[in-house]
Amino acid sequence: KGCKLVGCGSAVPKLEISNDDLSKIVDTSDEWIAVRTGIRNRRVLTGKDKMTGLAVEAARKALEMAEVDPDDVDLVLLCTSTPDELFGSAPQIQSALGCKGNPLAFDITAACSGFVLGLVSASCYIRGGGFKNVLVIGADALSRYVDWTDRGTCILFGDAAGAVLVQACESEEDGIFGFDLHSDGEGYRHLHTGIKENEAFGTNGSVYGFPPKGISYSSIQMNGKEVFRFACRVVPQSIETALENAGMTCSSIDWLLLHQANQRILDAVATRLEIPADRVISNLANYGNTSAASIPLALDEAVRGGKVKPGQTIATSGFGAGLTWGSAIIRW
Ligand code: ACO
């Protein structure tokens, strides 16, 4: 049994923040940000709008394109590191979509690698578990965890959601046909947003440190140079391994679709793999780094814009906090 990608969708918040807007709140400039990252704008959630709202909108569009009834969805995988609900937001998305066919829904936490892990998980659930219609949603609202006074991080991130519907099929010709996944907990310190330990585990006036005080999370802490080096080192290797597992080489892929973190990372990986610039999908000028949403958002734009055509092969790779990274070779 194989699986195929039959629908995609995406959603972004209305509020657009330009580099010039950011230069009014931190010491930066449009030129610095554009040259170092390729980013010019990003979208940011405001007020009571939530990540789950974007996720539901993106998923609905994917179901519409696939012409699949919500009741026929048997698994919802929400790839996010910024759930609205710490216990997991996927079940709420399942019910907001009206999936009443007794599905399973749960969150996958792997930062910017989340969507690739979700895609691979979907194919495994279909092959080994008899699932038929799996919604894979990548959605994040990192704007809520950014220190808006830190010019080293606040310029990078935006909020968004993207989704694909992965469907079981009898054909030998698989839609997800080679992958490679990794993590390295040693490197977590280069990019993290952890519990503020002094606040969480303070003594609260008690000798034994009980009861705990309740927790809050630090804003995103990042060593940009290390993350940059890490991505340029592991992503080409991972794509080559995924291609090998699929019995393919770089010359046989139509598109390279990387997590949209920095245009210089996209360029460096493409150069290493000798993939020409016109085969690299990039939309980060408009949205910045949207974490788990960036790959399905860029895929959706490329499909709806007629760039990616049915039957074409895409090498996709996510990388980021954890540290985690992974690649999947997919056919649209
Ligand atoms: N505007 C102006 N100047 C700045 C800014 C800014 N926004 N940010 C930093 N600078 C300054 C620094 O203070 C430094 O000044 P100094 O030389 O006087 O000390 C100078 O610019 C160079 O700073 P670097 O940090 O060395 O700049 P670099 O070229 O490494 O670019 C960047 C920084 C854009 C963050 C880059 O390292 C990067 O993109 N790294 C990858 C980050 C990433 O992709 N993270 C997300 C991973 S995905 C996930 O899981 C969330």
# chains A, B, ... in the order shown; residues from 1 in each chain; ligands from 1
>>> residues_near_ligand(ligand="ligand 1", cutoff="7 Å", atoms="only C-alpha atoms and all ligand atoms", output="list of chain:residue names")
A:Asp27, A:Thr28, A:Ser29, A:Trp32, A:Ile33, A:Arg36, A:Thr37, A:Ala111, A:Cys112, A:Arg151, A:Gly152, A:Thr153, A:Ile155, A:Gly224, A:Lys225, A:Val227, A:Phe228, A:Ala261, A:Asn262, A:Ser291, A:Phe319, A:Gly320, A:Ala321
>>> select_by_dssp(residues="stretch 52-81 of chain A", states="helix (DSSP H, G or I)", output="ChimeraX atom specification")
/A:52-66,70-72
>>> closest_residue(among="A:Thr52, A:Ser219, A:Asn286, A:Thr46", to="A:Cys154", atoms="only C-alpha atoms")
A:Ser219
>>> residues_around(residues="stretch 235-242 of chain A", least_positions_apart="3", cutoff="9 Å", atoms="only C-alpha atoms", output="JSON, numbers by chain")
{"A": [177, 178, 179, 180, 181, 182, 230, 231, 232, 245, 246, 247, 248, 249, 250, 258, 269, 270, 272, 273, 315, 316, 317, 318, 319, 325, 326, 327, 328, 329]}
>>> residues_around(residues="A:Cys8", least_positions_apart="2", cutoff="9 Å", atoms="only C-alpha atoms", output="ChimeraX atom specification")
/A:5-6,10,58-59,61-66,162-165,296-297,299-300,303-304
>>> residues_around(residues="A:Leu75", least_positions_apart="3", cutoff="9 Å", atoms="only C-alpha atoms", output="list in words")
Gln94, Pro103, Leu104, Ala105, Phe106, Ala122, Tyr125, Phe131, Lys132, Asn133, Val134, Leu135 and Val136 of chain A
>>> select_by_dssp(residues="stretch 18-245 of chain A", states="strand (DSSP E)", output="number ranges by chain")
A: 18, 41-43, 75-79, 104-108, 133-141, 159-169, 176-183, 191-192, 221-222
>>> write_last_selection(atoms="C-alpha atoms", output="PDB file, in the first residue's frame")
ATOM      1  CA  SER A  18       7.886  45.107   7.140  1.00  0.00           C
ATOM      2  CA  ASN A  41       7.966  41.058   5.467  1.00  0.00           C
ATOM      3  CA  ARG A  42       6.368  38.729   7.965  1.00  0.00           C
ATOM      4  CA  ARG A  43       2.776  38.165   9.184  1.00  0.00           C
ATOM      5  CA  LEU A  75      -5.908  11.081  11.527  1.00  0.00           C
ATOM      6  CA  VAL A  76      -4.978  14.718  12.202  1.00  0.00           C
ATOM      7  CA  LEU A  77      -1.285  15.378  12.876  1.00  0.00           C
ATOM      8  CA  LEU A  78      -0.653  18.915  14.102  1.00  0.00           C
ATOM      9  CA  CYS A  79       3.039  19.780  13.826  1.00  0.00           C
ATOM     10  CA  LEU A 104      -7.271  10.262  16.095  1.00  0.00           C
ATOM     11  CA  ALA A 105      -5.643  13.679  16.482  1.00  0.00           C
ATOM     12  CA  PHE A 106      -2.416  14.596  18.253  1.00  0.00           C
ATOM     13  CA  ASP A 107       0.472  17.078  18.226  1.00  0.00           C
ATOM     14  CA  ILE A 108       4.023  16.520  17.000  1.00  0.00           C
ATOM     15  CA  ASN A 133      -6.917  10.101   4.993  1.00  0.00           C
ATOM     16  CA  VAL A 134      -4.295  11.855   7.117  1.00  0.00           C
ATOM     17  CA  LEU A 135      -4.255  15.627   7.536  1.00  0.00           C
ATOM     18  CA  VAL A 136      -0.736  16.885   8.212  1.00  0.00           C
ATOM     19  CA  ILE A 137      -0.765  20.469   9.467  1.00  0.00           C
ATOM     20  CA  GLY A 138       2.319  22.601  10.138  1.00  0.00           C
ATOM     21  CA  ALA A 139       1.390  25.672  12.185  1.00  0.00           C
ATOM     22  CA  ASP A 140       3.333  27.970  14.470  1.00  0.00           C
ATOM     23  CA  ALA A 141       3.031  31.359  16.127  1.00  0.00           C
ATOM     24  CA  ASP A 159       3.238  33.202  12.005  1.00  0.00           C
ATOM     25  CA  ALA A 160       1.454  30.893   9.547  1.00  0.00           C
ATOM     26  CA  ALA A 161      -0.133  27.507   8.925  1.00  0.00           C
ATOM     27  CA  GLY A 162       0.019  25.069   6.027  1.00  0.00           C
ATOM     28  CA  ALA A 163      -1.576  21.667   5.510  1.00  0.00           C
ATOM     29  CA  VAL A 164      -1.561  18.692   3.174  1.00  0.00           C
ATOM     30  CA  LEU A 165      -3.888  15.722   2.908  1.00  0.00           C
ATOM     31  CA  VAL A 166      -2.040  12.419   2.545  1.00  0.00           C
ATOM     32  CA  GLN A 167      -4.220   9.617   1.211  1.00  0.00           C
ATOM     33  CA  ALA A 168      -3.789   5.854   1.015  1.00  0.00           C
ATOM     34  CA  CYS A 169      -3.587   4.419  -2.486  1.00  0.00           C
ATOM     35  CA  ILE A 176       6.477   9.882  -0.086  1.00  0.00           C
ATOM     36  CA  PHE A 177       9.240   7.598  -1.209  1.00  0.00           C
ATOM     37  CA  GLY A 178      12.442   8.214   0.705  1.00  0.00           C
ATOM     38  CA  PHE A 179      13.320   9.920   3.947  1.00  0.00           C
ATOM     39  CA  ASP A 180      16.053  10.608   6.498  1.00  0.00           C
ATOM     40  CA  LEU A 181      15.396  11.920  10.033  1.00  0.00           C
ATOM     41  CA  HIS A 182      17.702  12.916  12.935  1.00  0.00           C
ATOM     42  CA  SER A 183      18.041  14.790  16.207  1.00  0.00           C
ATOM     43  CA  LEU A 191      18.166  27.444  19.807  1.00  0.00           C
ATOM     44  CA  HIS A 192      15.639  27.089  22.588  1.00  0.00           C
ATOM     45  CA  GLN A 221      17.342  32.190  22.705  1.00  0.00           C
ATOM     46  CA  MET A 222      19.466  31.634  19.620  1.00  0.00           C
TER      47      MET A 222
END
>>> residues_around(residues="A:Gly311", least_positions_apart="3", cutoff="12 Å", atoms="only C-alpha atoms", output="ChimeraX atom specification")
/A:4-6,173-175,253-255,303,308,314,330-332
>>> write_last_selection(atoms="C-alpha atoms", output="PDB file, in the first residue's frame")
ATOM      1  CA  LYS A   4      -0.189  10.208  -2.225  1.00  0.00           C
ATOM      2  CA  LEU A   5      -0.531  13.934  -1.571  1.00  0.00           C
ATOM      3  CA  VAL A   6      -3.977  14.993  -2.755  1.00  0.00           C
ATOM      4  CA  GLU A 173       4.021   4.721  -7.258  1.00  0.00           C
ATOM      5  CA  ASP A 174       4.363   6.292  -3.833  1.00  0.00           C
ATOM      6  CA  GLY A 175       3.953   9.991  -2.965  1.00  0.00           C
ATOM      7  CA  ILE A 253      14.280  16.070  -8.630  1.00  0.00           C
ATOM      8  CA  ASP A 254      12.200  18.938  -9.993  1.00  0.00           C
ATOM      9  CA  TRP A 255      12.218  21.177  -6.905  1.00  0.00           C
ATOM     10  CA  VAL A 303       1.047  24.444  -6.301  1.00  0.00           C
ATOM     11  CA  VAL A 308       4.754  22.767  -8.962  1.00  0.00           C
ATOM     12  CA  ILE A 314      10.265  17.591  -4.564  1.00  0.00           C
ATOM     13  CA  ILE A 330       7.815  13.552  -2.202  1.00  0.00           C
ATOM     14  CA  ARG A 331       5.764  13.557  -5.385  1.00  0.00           C
ATOM     15  CA  TRP A 332       2.997  16.131  -5.824  1.00  0.00           C
TER      16      TRP A 332
END
>>> closest_residue(among="A:Leu323, A:Leu119, A:Ile281, A:Ala302", to="A:Leu256", atoms="only C-alpha atoms")
A:Ile281
>>> closest_residue(among="A:Cys124, A:Gln312, A:Gly158, A:Gly38", to="A:Lys14", atoms="only C-alpha atoms")
A:Gly158
>>> decode(residues="stretch 138-162 of chain A", atoms="C-alpha atoms", output="short mmCIF file (atom, residue, chain, number, x, y, z; two decimals), in the first residue's frame")
data_model
loop_
_atom_site.label_atom_id
_atom_site.label_comp_id
_atom_site.auth_asym_id
_atom_site.auth_seq_id
_atom_site.Cartn_x
_atom_site.Cartn_y
_atom_site.Cartn_z
CA GLY A 138 2.32 22.60 10.14
CA ALA A 139 1.39 25.67 12.18
CA ASP A 140 3.33 27.97 14.47
CA ALA A 141 3.03 31.36 16.13
CA LEU A 142 6.62 32.08 17.16
CA SER A 143 5.80 35.80 17.37
CA ARG A 144 4.36 34.96 20.80
CA TYR A 145 7.76 33.66 21.99
CA VAL A 146 10.02 36.27 20.41
CA ASP A 147 11.69 39.00 22.43
CA TRP A 148 10.66 42.02 20.35
CA THR A 149 13.59 44.00 21.79
CA ASP A 150 16.17 41.44 20.51
CA ARG A 151 17.17 42.44 16.97
CA GLY A 152 19.07 39.15 16.55
CA THR A 153 15.85 37.09 16.59
CA CYS A 154 12.75 39.27 16.17
CA ILE A 155 13.58 40.04 12.53
CA LEU A 156 13.45 36.37 11.55
CA PHE A 157 10.09 34.95 12.53
CA GLY A 158 6.48 35.11 11.36
CA ASP A 159 3.24 33.20 12.00
CA ALA A 160 1.45 30.89 9.55
CA ALA A 161 -0.13 27.51 8.93
CA GLY A 162 0.02 25.07 6.03
#
